[in-house]
Amino acid sequence: MNKYPMTVQGARALEEELAHLTKVVRPKLSQDIGTARELGDLKENAEYHAAREQQGMVEARIRDIEGRLQNAVIIDVTSIAHTGKVIFGTTVEIANVETDESVSYQIVGEDEADIKQGKISVGSPIARALVGKEEGDVVAVKTPNGLVEYEIVEVRHI
């Protein structure tokens, strides 16, 4: 199995979801299945079949999270010396060279990416263009509208 990077926050979120699924959702589903079983004939028992289907999905998600955490390399960017270089986990402020509009993104693992929260996957075109560059560098990023140039304004380890 491949190891893949994950931020401390990303790992914490998965651990919290795993705890919720195993300590809250799983016991409730077991209870629901038991209650549905008491209703009689299992062949025509919609509650039973729905609860069993839900249980299958929850167990699959639990296995998925456990696998992701097992194969994660958790990177705490706050413990890495600031050099001005863009690395996994850093928050990067970039400015569009033409329009001077600036935006900040944190470079995170695939599971953590959420553009609405300003988190982009390390595998995304913009992150690939930024990683390894430094404050003051200008990078060209292929976008659906063509090539866009961005200047790296600031790299933060937060």
# chains A, B, ... in the order shown; residues from 1 in each chain; ligands from 1
>>> residues_around(residues="A:Glu112", least_positions_apart="6", cutoff="8 Å", atoms="only C-alpha atoms", output="PyMOL selection string")
chain A and resi 6+10+119-121
>>> select_by_dssp(residues="stretch 66-104 of chain A", states="helix (DSSP H, G or I)", output="ChimeraX atom specification")
/A:66-70,77-79
>>> write_last_selection(atoms="N, CA and C atoms", output="PDB file, in the first residue's frame")
ATOM      1  N   GLU A  66     -10.042   3.388   8.645  1.00  0.00           N
ATOM      2  CA  GLU A  66      -8.924   2.688   9.291  1.00  0.00           C
ATOM      3  C   GLU A  66      -7.768   2.503   8.316  1.00  0.00           C
ATOM      4  N   GLY A  67      -8.083   2.145   7.070  1.00  0.00           N
ATOM      5  CA  GLY A  67      -7.053   1.969   6.046  1.00  0.00           C
ATOM      6  C   GLY A  67      -6.337   3.274   5.733  1.00  0.00           C
ATOM      7  N   ARG A  68      -7.112   4.358   5.631  1.00  0.00           N
ATOM      8  CA  ARG A  68      -6.517   5.663   5.321  1.00  0.00           C
ATOM      9  C   ARG A  68      -5.587   6.114   6.445  1.00  0.00           C
ATOM     10  N   LEU A  69      -6.034   5.949   7.686  1.00  0.00           N
ATOM     11  CA  LEU A  69      -5.199   6.359   8.818  1.00  0.00           C
ATOM     12  C   LEU A  69      -3.941   5.491   8.912  1.00  0.00           C
ATOM     13  N   GLN A  70      -4.098   4.206   8.624  1.00  0.00           N
ATOM     14  CA  GLN A  70      -2.958   3.284   8.691  1.00  0.00           C
ATOM     15  C   GLN A  70      -1.892   3.646   7.657  1.00  0.00           C
ATOM     16  N   VAL A  77       2.912  20.739   9.778  1.00  0.00           N
ATOM     17  CA  VAL A  77       3.692  21.800   9.127  1.00  0.00           C
ATOM     18  C   VAL A  77       4.168  22.847  10.137  1.00  0.00           C
ATOM     19  N   THR A  78       3.471  22.964  11.276  1.00  0.00           N
ATOM     20  CA  THR A  78       3.889  23.963  12.271  1.00  0.00           C
ATOM     21  C   THR A  78       5.223  23.586  12.913  1.00  0.00           C
ATOM     22  N   SER A  79       5.617  22.314  12.800  1.00  0.00           N
ATOM     23  CA  SER A  79       6.887  21.893  13.407  1.00  0.00           C
ATOM     24  C   SER A  79       8.042  21.932  12.407  1.00  0.00           C
TER      25      SER A  79
END
>>> residues_around(residues="A:Val108", least_positions_apart="5", cutoff="12 Å", atoms="only C-alpha atoms", output="PyMOL selection string")
chain A and resi 4-11+73-77+86-92+113-115+117-124+127-128+131
>>> atom_distance(atom1="atom CA of A:Ala13", atom2="atom CA of A:Asp111")
10.4 Å
>>> select_by_dssp(residues="stretch 16-115 of chain A", states="strand (DSSP E)", output="PDB file with N, CA, C and O atoms, in the first residue's frame")
ATOM      1  N   ALA A  72      -1.463   6.700   6.279  1.00  0.00           N
ATOM      2  CA  ALA A  72      -1.188   8.131   6.244  1.00  0.00           C
ATOM      3  C   ALA A  72       0.179   8.444   6.840  1.00  0.00           C
ATOM      4  O   ALA A  72       0.620   7.810   7.792  1.00  0.00           O
ATOM      5  N   VAL A  73       0.820   9.416   6.237  1.00  0.00           N
ATOM      6  CA  VAL A  73       2.018  10.002   6.827  1.00  0.00           C
ATOM      7  C   VAL A  73       1.551  11.373   7.308  1.00  0.00           C
ATOM      8  O   VAL A  73       1.264  12.256   6.496  1.00  0.00           O
ATOM      9  N   ILE A  74       1.426  11.516   8.623  1.00  0.00           N
ATOM     10  CA  ILE A  74       0.871  12.747   9.174  1.00  0.00           C
ATOM     11  C   ILE A  74       1.971  13.782   9.295  1.00  0.00           C
ATOM     12  O   ILE A  74       2.999  13.546   9.918  1.00  0.00           O
ATOM     13  N   ILE A  75       1.731  14.925   8.643  1.00  0.00           N
ATOM     14  CA  ILE A  75       2.729  15.985   8.589  1.00  0.00           C
ATOM     15  C   ILE A  75       2.207  17.198   9.351  1.00  0.00           C
ATOM     16  O   ILE A  75       1.150  17.736   9.021  1.00  0.00           O
ATOM     17  N   THR A  91       0.146  27.046   3.994  1.00  0.00           N
ATOM     18  CA  THR A  91      -0.910  27.900   3.451  1.00  0.00           C
ATOM     19  C   THR A  91      -0.197  28.946   2.602  1.00  0.00           C
ATOM     20  O   THR A  91       0.725  29.607   3.075  1.00  0.00           O
ATOM     21  N   VAL A  92      -0.628  29.042   1.353  1.00  0.00           N
ATOM     22  CA  VAL A  92       0.065  29.874   0.379  1.00  0.00           C
ATOM     23  C   VAL A  92      -0.862  30.985  -0.101  1.00  0.00           C
ATOM     24  O   VAL A  92      -1.965  30.718  -0.566  1.00  0.00           O
ATOM     25  N   GLU A  93      -0.385  32.220   0.019  1.00  0.00           N
ATOM     26  CA  GLU A  93      -1.136  33.339  -0.558  1.00  0.00           C
ATOM     27  C   GLU A  93      -0.530  33.625  -1.919  1.00  0.00           C
ATOM     28  O   GLU A  93       0.686  33.829  -2.037  1.00  0.00           O
ATOM     29  N   ILE A  94      -1.379  33.579  -2.950  1.00  0.00           N
ATOM     30  CA  ILE A  94      -0.910  33.850  -4.309  1.00  0.00           C
ATOM     31  C   ILE A  94      -1.724  34.998  -4.899  1.00  0.00           C
ATOM     32  O   ILE A  94      -2.877  35.199  -4.525  1.00  0.00           O
ATOM     33  N   ALA A  95      -1.086  35.746  -5.787  1.00  0.00           N
ATOM     34  CA  ALA A  95      -1.767  36.864  -6.452  1.00  0.00           C
ATOM     35  C   ALA A  95      -1.718  36.648  -7.955  1.00  0.00           C
ATOM     36  O   ALA A  95      -0.654  36.334  -8.509  1.00  0.00           O
ATOM     37  N   ASN A  96      -2.875  36.799  -8.593  1.00  0.00           N
ATOM     38  CA  ASN A  96      -2.947  36.728 -10.041  1.00  0.00           C
ATOM     39  C   ASN A  96      -2.142  37.907 -10.595  1.00  0.00           C
ATOM     40  O   ASN A  96      -2.406  39.060 -10.253  1.00  0.00           O
ATOM     41  N   SER A 102      -5.778  38.382  -4.945  1.00  0.00           N
ATOM     42  CA  SER A 102      -5.025  37.363  -4.207  1.00  0.00           C
ATOM     43  C   SER A 102      -5.991  36.386  -3.541  1.00  0.00           C
ATOM     44  O   SER A 102      -7.140  36.701  -3.240  1.00  0.00           O
ATOM     45  N   VAL A 103      -5.480  35.192  -3.342  1.00  0.00           N
ATOM     46  CA  VAL A 103      -6.250  34.117  -2.722  1.00  0.00           C
ATOM     47  C   VAL A 103      -5.277  33.260  -1.924  1.00  0.00           C
ATOM     48  O   VAL A 103      -4.089  33.209  -2.248  1.00  0.00           O
ATOM     49  N   SER A 104      -5.772  32.638  -0.848  1.00  0.00           N
ATOM     50  CA  SER A 104      -4.929  31.753  -0.042  1.00  0.00           C
ATOM     51  C   SER A 104      -5.460  30.329  -0.118  1.00  0.00           C
ATOM     52  O   SER A 104      -6.673  30.111  -0.070  1.00  0.00           O
ATOM     53  N   TYR A 105      -4.541  29.389  -0.222  1.00  0.00           N
ATOM     54  CA  TYR A 105      -4.890  27.972  -0.225  1.00  0.00           C
ATOM     55  C   TYR A 105      -3.965  27.236   0.727  1.00  0.00           C
ATOM     56  O   TYR A 105      -2.777  27.534   0.786  1.00  0.00           O
ATOM     57  N   GLN A 106      -4.527  26.243   1.418  1.00  0.00           N
ATOM     58  CA  GLN A 106      -3.675  25.314   2.171  1.00  0.00           C
ATOM     59  C   GLN A 106      -3.551  24.064   1.309  1.00  0.00           C
ATOM     60  O   GLN A 106      -4.548  23.578   0.750  1.00  0.00           O
ATOM     61  N   ILE A 107      -2.347  23.551   1.185  1.00  0.00           N
ATOM     62  CA  ILE A 107      -2.099  22.350   0.387  1.00  0.00           C
ATOM     63  C   ILE A 107      -2.226  21.142   1.306  1.00  0.00           C
ATOM     64  O   ILE A 107      -1.471  21.005   2.268  1.00  0.00           O
ATOM     65  N   VAL A 108      -3.224  20.301   1.000  1.00  0.00           N
ATOM     66  CA  VAL A 108      -3.573  19.188   1.885  1.00  0.00           C
ATOM     67  C   VAL A 108      -3.647  17.875   1.101  1.00  0.00           C
ATOM     68  O   VAL A 108      -3.525  17.862  -0.119  1.00  0.00           O
TER      69      VAL A 108
END
>>> atom_distance(atom1="atom CA of A:Glu135", atom2="atom CA of A:Gly84")
5.4 Å
>>> atom_distance(atom1="atom CA of A:Ala46", atom2="atom CA of A:Lys28")
17.1 Å
>>> closest_residue(among="A:Ile62, A:Val24, A:Ala129, A:Ala81", to="A:Leu147", atoms="only C-alpha atoms")
A:Ala129
